[in-house]
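Chemist: Quick one, my_file_15.txt (compact mmCIF, C-alpha atoms and all ligand atoms):
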```txt
# COMPACT_ATOMS: atom_id res chain seq x y z
CA MET A 16 -10.56 4.58 8.41
CA THR A 17 -9.22 1.15 7.54
CA ALA A 18 -8.41 -0.26 4.11
CA LYS A 19 -11.71 -2.14 3.79
CA LYS A 20 -12.92 -2.84 0.26
CA MET A 21 -9.38 -2.25 -0.93
CA ASN A 22 -9.39 1.43 0.12
CA GLN A 23 -12.54 2.24 -1.82
CA LEU A 24 -14.44 3.17 1.36
CA ARG A 25 -11.68 5.62 2.25
CA GLU A 26 -11.81 7.00 -1.27
CA LYS A 27 -15.58 7.45 -1.09
CA ILE A 28 -15.51 9.43 2.18
CA TYR A 29 -12.56 11.53 1.01
CA LEU A 30 -14.29 12.42 -2.26
CA GLN A 31 -17.56 13.16 -0.44
CA GLY A 32 -15.67 15.62 1.76
CA LYS A 33 -14.07 17.26 -1.23
CA GLY A 34 -17.47 17.50 -2.90
CA LYS A 35 -18.74 19.43 0.13
CA GLY A 36 -15.84 21.86 -0.22
CA TYR A 37 -13.66 20.66 2.68
CA LYS A 38 -9.93 21.08 2.36
CA PHE A 39 -7.65 18.19 3.32
CA VAL A 40 -4.22 18.32 4.90
CA SER A 41 -1.70 15.52 5.31
CA TYR A 42 -0.14 14.32 8.55
CA VAL A 43 3.55 13.40 8.47
CA SER A 44 4.90 12.26 11.82
CA SER A 45 7.84 14.23 13.16
CA LYS A 46 9.34 10.76 13.79
CA ALA A 47 9.25 9.84 10.08
CA THR A 48 12.25 10.42 7.82
CA VAL A 49 11.41 12.34 4.68
CA PHE A 50 13.47 14.14 2.02
CA ASN A 51 11.30 16.98 0.86
CA ASN A 52 9.16 14.48 -1.03
CA GLU A 53 6.07 15.56 -2.94
CA ILE A 54 3.15 14.35 -0.81
CA GLY A 55 -0.52 14.79 -1.73
CA GLU A 56 -3.48 15.58 0.52
CA ASN A 57 -5.23 13.46 3.15
CA CYS A 58 -2.18 11.26 3.65
CA PHE A 59 -1.30 9.69 7.02
CA ILE A 60 2.39 8.96 7.43
CA LEU A 61 3.13 7.58 10.87
CA GLU A 62 6.30 7.09 12.88
CA ASP A 63 9.43 5.36 11.60
CA ASN A 64 8.53 5.50 7.94
CA THR A 65 11.49 6.31 5.71
CA ILE A 66 10.57 7.87 2.38
CA GLN A 67 13.74 8.06 0.34
CA PRO A 68 14.58 10.90 -2.06
CA PHE A 69 12.71 11.57 -5.31
CA THR A 70 9.72 9.42 -4.38
CA LYS A 71 6.29 10.94 -4.87
CA ILE A 72 3.16 10.14 -2.89
CA GLY A 73 -0.35 10.78 -4.21
CA ASN A 74 -3.57 11.63 -2.33
CA ASN A 75 -5.32 9.65 0.41
CA VAL A 76 -2.37 7.34 1.07
CA VAL A 77 -1.76 5.66 4.44
CA LEU A 78 1.73 4.60 5.49
CA TRP A 79 1.29 3.02 8.89
CA SER A 80 4.46 2.65 10.97
CA GLY A 81 7.93 1.54 10.01
CA ASN A 82 7.82 1.18 6.22
CA HIS A 83 10.84 1.61 3.96
CA ILE A 84 9.74 3.49 0.83
CA GLY A 85 12.59 3.37 -1.65
CA HIS A 86 13.95 6.13 -3.86
CA HIS A 87 12.73 7.30 -7.30
CA GLY A 88 9.33 5.68 -6.80
CA GLU A 89 5.71 6.70 -7.02
CA ILE A 90 2.76 5.72 -4.86
CA LYS A 91 -0.51 6.77 -6.44
CA ASP A 92 -3.85 7.57 -4.76
CA HIS A 93 -5.79 5.49 -2.18
CA VAL A 94 -2.96 3.08 -1.31
CA PHE A 95 -2.44 1.46 2.13
CA PHE A 96 0.88 0.25 3.52
CA THR A 97 0.47 -1.50 6.89
CA SER A 98 3.82 -1.91 8.70
CA HIS A 99 7.40 -2.92 7.94
CA VAL A 100 6.84 -3.18 4.21
CA VAL A 101 9.90 -2.76 2.01
CA MET A 102 9.23 -1.03 -1.28
CA SER A 103 12.54 -1.06 -3.14
CA GLY A 104 13.74 1.73 -5.40
CA HIS A 105 12.10 2.80 -8.69
CA CYS A 106 8.71 1.17 -8.00
CA ILE A 107 5.33 2.44 -9.22
CA ILE A 108 2.27 1.58 -7.15
CA GLU A 109 -1.05 2.13 -8.87
CA PRO A 110 -4.20 3.15 -6.91
CA TYR A 111 -6.01 0.98 -4.34
CA CYS A 112 -3.10 -1.36 -3.57
CA PHE A 113 -2.82 -2.89 -0.10
CA PHE A 114 0.36 -4.25 1.52
CA GLY A 115 0.25 -6.64 4.47
CA VAL A 116 2.82 -6.50 7.23
CA ASN A 117 6.39 -7.40 6.26
CA ALA A 118 5.69 -7.57 2.53
CA THR A 119 8.65 -6.97 0.19
CA ILE A 120 8.62 -5.49 -3.31
CA ARG A 121 11.49 -5.90 -5.76
CA ASP A 122 13.08 -2.81 -7.28
CA TYR A 123 11.66 -1.47 -10.59
CA SER A 124 8.31 -3.18 -9.94
CA HIS A 125 5.05 -1.81 -11.33
CA LEU A 126 2.05 -2.93 -9.32
CA ALA A 127 -1.32 -2.81 -11.03
CA LYS A 128 -4.29 -1.12 -9.36
CA GLY A 129 -5.93 -3.10 -6.60
CA THR A 130 -2.98 -5.43 -5.94
CA LEU A 131 -3.11 -7.08 -2.50
CA LEU A 132 0.32 -8.23 -1.39
CA ALA A 133 -0.19 -10.50 1.61
CA MET A 134 1.66 -10.24 4.89
CA GLY A 135 5.16 -11.68 4.56
CA ALA A 136 4.94 -11.98 0.77
CA SER A 137 8.03 -11.33 -1.32
CA LEU A 138 7.20 -10.06 -4.78
CA THR A 139 9.96 -11.17 -7.13
CA LYS A 140 8.07 -10.55 -10.39
CA GLN A 141 8.04 -6.91 -11.38
CA MET A 142 4.41 -6.70 -12.54
CA THR A 143 1.07 -7.75 -11.10
CA ASP A 144 -2.46 -8.18 -12.43
CA GLU A 145 -5.23 -5.77 -11.41
CA TRP A 146 -7.30 -6.67 -8.34
CA SER A 147 -5.25 -9.76 -7.58
CA VAL A 148 -3.83 -11.28 -4.41
CA TYR A 149 -0.18 -12.38 -4.15
CA VAL A 150 0.99 -14.63 -1.32
CA GLY A 151 4.22 -16.28 -0.20
CA ASN A 152 7.93 -16.21 -0.98
CA PRO A 153 8.33 -16.02 -3.91
CA ALA A 154 4.87 -14.48 -4.13
CA LYS A 155 2.32 -16.39 -6.23
CA LYS A 156 -0.98 -15.11 -7.49
CA LEU A 157 -4.05 -16.64 -5.88
CA GLU A 158 -6.81 -17.76 -8.22
CA GLY A 159 -9.64 -15.29 -8.68
CA LYS A 160 -9.86 -11.60 -7.91
CA VAL A 161 -9.79 -9.87 -4.52
CA SER A 162 -12.86 -11.09 -2.70
CA HIS A 163 -11.47 -11.34 0.77
CA LYS A 164 -13.99 -10.69 3.51
CA MET A 165 -11.67 -8.22 5.20
CA TYR A 166 -10.29 -6.31 2.25
C1 LIG A 201 -3.69 -12.86 2.21
C2 LIG A 201 -4.80 -12.64 3.23
C3 LIG A 201 -5.62 -11.42 2.87
C4 LIG A 201 -5.65 -13.91 3.22
O1 LIG A 201 -6.61 -13.83 4.23
P1 LIG A 201 -7.78 -14.95 4.33
O2 LIG A 201 -8.45 -15.10 3.02
O3 LIG A 201 -8.61 -14.56 5.53
O4 LIG A 201 -6.99 -16.24 4.58
P2 LIG A 201 -7.13 -17.27 5.78
O5 LIG A 201 -6.63 -16.67 7.05
O6 LIG A 201 -8.52 -17.85 5.74
O7 LIG A 201 -6.09 -18.38 5.35
C5 LIG A 201 -6.29 -19.24 4.25
C6 LIG A 201 -5.03 -20.05 4.07
O8 LIG A 201 -3.99 -19.20 3.56
C7 LIG A 201 -2.89 -19.19 4.49
N1 LIG A 201 -2.40 -17.81 4.55
C8 LIG A 201 -3.08 -16.72 4.98
N2 LIG A 201 -2.32 -15.63 4.86
C9 LIG A 201 -1.16 -16.03 4.35
C10 LIG A 201 0.03 -15.35 4.03
N3 LIG A 201 0.13 -14.04 4.20
N4 LIG A 201 1.05 -16.07 3.53
C11 LIG A 201 0.96 -17.41 3.38
N5 LIG A 201 -0.16 -18.11 3.65
C12 LIG A 201 -1.19 -17.43 4.15
C13 LIG A 201 -3.46 -19.65 5.82
O9 LIG A 201 -2.48 -20.25 6.64
C14 LIG A 201 -4.49 -20.67 5.36
O10 LIG A 201 -3.85 -21.85 5.00
P3 LIG A 201 -4.59 -23.29 5.12
O11 LIG A 201 -5.72 -23.23 4.11
O12 LIG A 201 -3.51 -24.24 4.77
O13 LIG A 201 -5.08 -23.39 6.50
C15 LIG A 201 -4.23 -12.40 4.64
O14 LIG A 201 -3.64 -13.51 5.17
C16 LIG A 201 -3.22 -11.26 4.73
O15 LIG A 201 -2.08 -11.35 4.35
N6 LIG A 201 -3.75 -10.17 5.32
C17 LIG A 201 -2.93 -9.00 5.64
C18 LIG A 201 -2.85 -8.95 7.16
C19 LIG A 201 -2.11 -7.73 7.60
O16 LIG A 201 -1.03 -7.41 7.15
N7 LIG A 201 -2.71 -7.04 8.51
C20 LIG A 201 -2.15 -5.83 9.01
C21 LIG A 201 -3.21 -5.10 9.73
S1 LIG A 201 -2.56 -3.63 10.37
```
Take the structure I supplied and represent it as structure tokens, if you would.
Modeler:
Amino acid sequence: MTAKKMNQLREKIYLQGKGKGYKFVSYVSSKATVFNNEIGENCFILEDNTIQPFTKIGNNVVLWSGNHIGHHGEIKDHVFFTSHVVMSGHCIIEPYCFFGVNATIRDYSHLAKGTLLAMGASLTKQMTDEWSVYVGNPAKKLEGKVSHKMY
């Protein structure tokens, strides 16, 4: 499934399955680089992701290809990284966040739930507002909440 409605469709189907008693596994590509990280269930971690040491991943997280996930971080549930995103060290990503291709996150950042970081955006501030869109370099918050037709 895609990240539509900021991952809330994926969350709904996942929770429906759990409610019916299904068990969920996670897929971690043999071509990803991992360091014995704690990874939850129903995660999809594709090729060329690097998840550095001491970083924890929650449930129902998608890391498409080629992301750099820095050390001592935490990615919570229902988050979607597209491709070639750089999450620096010591970051906390709250649920439902979405990262466009080539987005960059400064170290020690704490992203609020439902943050959409646009493709190519460079987040230099270390905090975001819930359900908000950040665009550009340095990334600026767009007016209004996430209402994008796609996400
Ligand atoms: C931020 C985003 C959600 C906005 O999408 P949107 O609302 O459909 O925006 P539009 O394409 O209508 O563009 C509106 C304006 O913003 C600009 N814009 C769009 N995305 C931008 C971005 N990432 N950075 C800078 N400007 C951007 C457009 O050039 C356009 O400018 P204009 O008004 O001067 O013509 C989208 O651009 C984005 O980043 N999506 C993620 C894409 C992605 O990573 N896909 C991976 C799929 S695997």
Chemist: Just how far from atom CA of Lys38 of chain A is atom CA of Leu61 of chain A, in Å to one decimal?
Modeler: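 Pair atom CA of Leu61 of chain A / atom CA of Lys38 of chain A returns 20.6 Å.
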Chemist: Counting only C-alpha atoms and all ligand atoms, which residues of chain A fall within 7 Å of ligand LIG 201 (chain A), and what is the closest atom pair for each with its distance in Å at one decimal, ordered by chain and rising number, as a tab-separated table?
Modeler:
```
residue	atom	partner	partner_atom	distance
A:Thr97	CA	A:LIG201	S1	5.1
A:Ser98	CA	A:LIG201	S1	6.8
A:Phe114	CA	A:LIG201	O16	6.6
A:Gly115	CA	A:LIG201	O16	3.1
A:Val116	CA	A:LIG201	O16	4.0
A:Leu132	CA	A:LIG201	O15	7.0
A:Ala133	CA	A:LIG201	O15	3.4
A:Met134	CA	A:LIG201	O15	3.9
A:Gly135	CA	A:LIG201	N3	5.6
A:Ala136	CA	A:LIG201	N3	6.3
A:Val148	CA	A:LIG201	C1	6.8
A:Val150	CA	A:LIG201	N4	5.1
A:Gly151	CA	A:LIG201	N4	4.9
A:His163	CA	A:LIG201	O2	5.3
A:Lys164	CA	A:LIG201	O3	6.9
A:Tyr166	CA	A:LIG201	C3	7.0
```
Chemist: Just to confirm, what's the straight-line distance from atom CA of Glu145 of chain A to atom CA of Gln67 of chain A in Å (one decimal)?
Modeler: 26.3 Å
Chemist: Calculated over only C-alpha atoms, which of the candidates A:Arg25, A:Lys156, A:His87, A:His105 has the smallest distance to Tyr123 of chain A?
Modeler: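 The closest residue to Tyr123 of chain A is A:His105.
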Chemist: For the atom pair atom CA of Ala118 of chain A and atom CA of Leu30 of chain A, what is the interatomic distance in Å to one decimal place?
Modeler: 28.7 Å
Chemist: Pick from A:Pro153, A:Gly73, A:Pro68, A:Gly34: nearest to Leu138 of chain A, with all atoms listed in the file counted?
Modeler: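 Selected residue with least distance to Leu138 of chain A: A:Pro153.
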Chemist: Report as a list in words all protein, DNA and RNA residues lying within 9 Å of Asp144 of chain A, evaluated on all atoms listed in the file, omitting residues in the same chain fewer than 5 positions from it.
Modeler: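 Everything that qualifies: Leu126, Ala127, Lys128, Gly129, Thr130 and Lys156 of chain A.
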Chemist: Smallest atom-to-atom distance to Val161 of chain A: which of A:Thr139, A:Asn74, A:Thr17, A:Ser147, using all atoms listed in the file?
Modeler: A:Ser147
Chemist: Choose the residue, out of A:Cys106, A:Phe113, A:Glu158, A:Asn82, that has the smallest atom-to-atom separation from Met142 of chain A; count only C-alpha atoms.
Modeler: A:Cys106
Chemist: Using all atoms listed in the file for the distances, tell me which of A:Thr143, A:Thr70, A:Phe96, A:Pro110 is nearest to Asn51 of chain A.
Modeler: A:Thr70
Chemist: Mind checking which residues fall within 7 Å of Asn22 of chain A, counting all atoms listed in the file, ignoring those fewer than 5 positions away in the same chain, and posting them as JSON, numbers by chain?
Modeler: {"A": [93, 94, 111]}
Chemist: Of the candidates A:Asn52, A:Ser41, A:Ser124, A:Asn75, which shows the shortest atom-to-atom distance to Ala18 of chain A, using all atoms listed in the file?
Modeler: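 Selected residue with least distance to Ala18 of chain A: A:Asn75.
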Chemist: Please complete segment 22-58 of chain A with N, CA and C atoms and give it back as a PDB file, in the frame of the given file.
Modeler:
```pdb
ATOM      1  N   ASN A  22      -9.538  -0.035   0.037  1.00  0.00           N
ATOM      2  CA  ASN A  22      -9.390   1.430   0.120  1.00  0.00           C
ATOM      3  C   ASN A  22     -10.503   2.219  -0.568  1.00  0.00           C
ATOM      4  N   GLN A  23     -11.496   1.504  -1.083  1.00  0.00           N
ATOM      5  CA  GLN A  23     -12.540   2.240  -1.820  1.00  0.00           C
ATOM      6  C   GLN A  23     -13.523   2.928  -0.882  1.00  0.00           C
ATOM      7  N   LEU A  24     -13.631   2.443   0.379  1.00  0.00           N
ATOM      8  CA  LEU A  24     -14.440   3.170   1.360  1.00  0.00           C
ATOM      9  C   LEU A  24     -13.740   4.473   1.739  1.00  0.00           C
ATOM     10  N   ARG A  25     -12.438   4.391   1.930  1.00  0.00           N
ATOM     11  CA  ARG A  25     -11.680   5.620   2.250  1.00  0.00           C
ATOM     12  C   ARG A  25     -11.777   6.619   1.106  1.00  0.00           C
ATOM     13  N   GLU A  26     -11.702   6.107  -0.104  1.00  0.00           N
ATOM     14  CA  GLU A  26     -11.810   7.000  -1.270  1.00  0.00           C
ATOM     15  C   GLU A  26     -13.175   7.698  -1.290  1.00  0.00           C
ATOM     16  N   LYS A  27     -14.218   6.910  -1.012  1.00  0.00           N
ATOM     17  CA  LYS A  27     -15.580   7.450  -1.090  1.00  0.00           C
ATOM     18  C   LYS A  27     -15.768   8.612  -0.098  1.00  0.00           C
ATOM     19  N   ILE A  28     -15.330   8.385   1.155  1.00  0.00           N
ATOM     20  CA  ILE A  28     -15.510   9.430   2.180  1.00  0.00           C
ATOM     21  C   ILE A  28     -14.664  10.664   1.842  1.00  0.00           C
ATOM     22  N   TYR A  29     -13.459  10.425   1.399  1.00  0.00           N
ATOM     23  CA  TYR A  29     -12.560  11.530   1.010  1.00  0.00           C
ATOM     24  C   TYR A  29     -13.188  12.353  -0.123  1.00  0.00           C
ATOM     25  N   LEU A  30     -13.704  11.680  -1.125  1.00  0.00           N
ATOM     26  CA  LEU A  30     -14.290  12.420  -2.260  1.00  0.00           C
ATOM     27  C   LEU A  30     -15.585  13.121  -1.861  1.00  0.00           C
ATOM     28  N   GLN A  31     -16.345  12.489  -0.947  1.00  0.00           N
ATOM     29  CA  GLN A  31     -17.560  13.160  -0.440  1.00  0.00           C
ATOM     30  C   GLN A  31     -17.176  14.470   0.235  1.00  0.00           C
ATOM     31  N   GLY A  32     -16.132  14.401   1.068  1.00  0.00           N
ATOM     32  CA  GLY A  32     -15.670  15.620   1.760  1.00  0.00           C
ATOM     33  C   GLY A  32     -15.243  16.692   0.783  1.00  0.00           C
ATOM     34  N   LYS A  33     -14.513  16.276  -0.228  1.00  0.00           N
ATOM     35  CA  LYS A  33     -14.070  17.260  -1.230  1.00  0.00           C
ATOM     36  C   LYS A  33     -15.267  17.878  -1.946  1.00  0.00           C
ATOM     37  N   GLY A  34     -16.261  17.015  -2.220  1.00  0.00           N
ATOM     38  CA  GLY A  34     -17.470  17.500  -2.900  1.00  0.00           C
ATOM     39  C   GLY A  34     -18.204  18.547  -2.071  1.00  0.00           C
ATOM     40  N   LYS A  35     -18.079  18.455  -0.750  1.00  0.00           N
ATOM     41  CA  LYS A  35     -18.740  19.430   0.130  1.00  0.00           C
ATOM     42  C   LYS A  35     -17.855  20.670   0.328  1.00  0.00           C
ATOM     43  N   GLY A  36     -16.689  20.674  -0.285  1.00  0.00           N
ATOM     44  CA  GLY A  36     -15.840  21.860  -0.220  1.00  0.00           C
ATOM     45  C   GLY A  36     -14.800  21.850   0.887  1.00  0.00           C
ATOM     46  N   TYR A  37     -14.690  20.713   1.632  1.00  0.00           N
ATOM     47  CA  TYR A  37     -13.660  20.660   2.680  1.00  0.00           C
ATOM     48  C   TYR A  37     -12.275  20.597   2.037  1.00  0.00           C
ATOM     49  N   LYS A  38     -11.319  21.164   2.782  1.00  0.00           N
ATOM     50  CA  LYS A  38      -9.930  21.080   2.360  1.00  0.00           C
ATOM     51  C   LYS A  38      -9.243  19.996   3.197  1.00  0.00           C
ATOM     52  N   PHE A  39      -8.327  19.287   2.625  1.00  0.00           N
ATOM     53  CA  PHE A  39      -7.650  18.190   3.320  1.00  0.00           C
ATOM     54  C   PHE A  39      -6.158  18.504   3.475  1.00  0.00           C
ATOM     55  N   VAL A  40      -5.658  18.203   4.673  1.00  0.00           N
ATOM     56  CA  VAL A  40      -4.220  18.320   4.900  1.00  0.00           C
ATOM     57  C   VAL A  40      -3.651  16.908   5.001  1.00  0.00           C
ATOM     58  N   SER A  41      -2.349  16.806   5.083  1.00  0.00           N
ATOM     59  CA  SER A  41      -1.700  15.520   5.310  1.00  0.00           C
ATOM     60  C   SER A  41      -0.940  15.571   6.619  1.00  0.00           C
ATOM     61  N   TYR A  42      -0.910  14.433   7.316  1.00  0.00           N
ATOM     62  CA  TYR A  42      -0.140  14.320   8.550  1.00  0.00           C
ATOM     63  C   TYR A  42       1.131  13.520   8.259  1.00  0.00           C
ATOM     64  N   VAL A  43       2.269  14.109   8.575  1.00  0.00           N
ATOM     65  CA  VAL A  43       3.550  13.400   8.470  1.00  0.00           C
ATOM     66  C   VAL A  43       4.186  13.452   9.850  1.00  0.00           C
ATOM     67  N   SER A  44       4.349  12.299  10.466  1.00  0.00           N
ATOM     68  CA  SER A  44       4.900  12.260  11.820  1.00  0.00           C
ATOM     69  C   SER A  44       6.268  12.925  11.880  1.00  0.00           C
ATOM     70  N   SER A  45       6.511  13.633  12.967  1.00  0.00           N
ATOM     71  CA  SER A  45       7.840  14.230  13.160  1.00  0.00           C
ATOM     72  C   SER A  45       8.878  13.136  13.378  1.00  0.00           C
ATOM     73  N   LYS A  46       8.415  11.901  13.597  1.00  0.00           N
ATOM     74  CA  LYS A  46       9.340  10.760  13.790  1.00  0.00           C
ATOM     75  C   LYS A  46       9.512   9.957  12.506  1.00  0.00           C
ATOM     76  N   ALA A  47       8.986  10.475  11.392  1.00  0.00           N
ATOM     77  CA  ALA A  47       9.250   9.840  10.080  1.00  0.00           C
ATOM     78  C   ALA A  47      10.457  10.539   9.459  1.00  0.00           C
ATOM     79  N   THR A  48      11.109   9.832   8.535  1.00  0.00           N
ATOM     80  CA  THR A  48      12.250  10.420   7.820  1.00  0.00           C
ATOM     81  C   THR A  48      11.827  10.694   6.389  1.00  0.00           C
ATOM     82  N   VAL A  49      11.828  11.954   6.028  1.00  0.00           N
ATOM     83  CA  VAL A  49      11.410  12.340   4.680  1.00  0.00           C
ATOM     84  C   VAL A  49      12.464  13.270   4.077  1.00  0.00           C
ATOM     85  N   PHE A  50      12.448  13.351   2.742  1.00  0.00           N
ATOM     86  CA  PHE A  50      13.470  14.140   2.020  1.00  0.00           C
ATOM     87  C   PHE A  50      12.798  15.132   1.094  1.00  0.00           C
ATOM     88  N   ASN A  51      11.952  15.959   1.673  1.00  0.00           N
ATOM     89  CA  ASN A  51      11.300  16.980   0.860  1.00  0.00           C
ATOM     90  C   ASN A  51      10.483  16.354  -0.276  1.00  0.00           C
ATOM     91  N   ASN A  52       9.917  15.192  -0.001  1.00  0.00           N
ATOM     92  CA  ASN A  52       9.160  14.480  -1.030  1.00  0.00           C
ATOM     93  C   ASN A  52       7.867  15.207  -1.344  1.00  0.00           C
ATOM     94  N   GLU A  53       7.390  15.040  -2.571  1.00  0.00           N
ATOM     95  CA  GLU A  53       6.070  15.560  -2.940  1.00  0.00           C
ATOM     96  C   GLU A  53       5.022  14.619  -2.349  1.00  0.00           C
ATOM     97  N   ILE A  54       4.164  15.168  -1.496  1.00  0.00           N
ATOM     98  CA  ILE A  54       3.150  14.350  -0.810  1.00  0.00           C
ATOM     99  C   ILE A  54       1.799  15.019  -1.004  1.00  0.00           C
ATOM    100  N   GLY A  55       0.801  14.250  -1.455  1.00  0.00           N
ATOM    101  CA  GLY A  55      -0.520  14.790  -1.730  1.00  0.00           C
ATOM    102  C   GLY A  55      -1.301  15.095  -0.460  1.00  0.00           C
ATOM    103  N   GLU A  56      -2.628  15.218  -0.624  1.00  0.00           N
ATOM    104  CA  GLU A  56      -3.480  15.580   0.520  1.00  0.00           C
ATOM    105  C   GLU A  56      -4.137  14.343   1.132  1.00  0.00           C
ATOM    106  N   ASN A  57      -4.566  14.516   2.373  1.00  0.00           N
ATOM    107  CA  ASN A  57      -5.230  13.460   3.150  1.00  0.00           C
ATOM    108  C   ASN A  57      -4.383  12.200   3.283  1.00  0.00           C
ATOM    109  N   CYS A  58      -3.085  12.380   3.416  1.00  0.00           N
ATOM    110  CA  CYS A  58      -2.180  11.260   3.650  1.00  0.00           C
ATOM    111  C   CYS A  58      -1.873  11.158   5.148  1.00  0.00           C
TER     112      CYS A  58
END
```
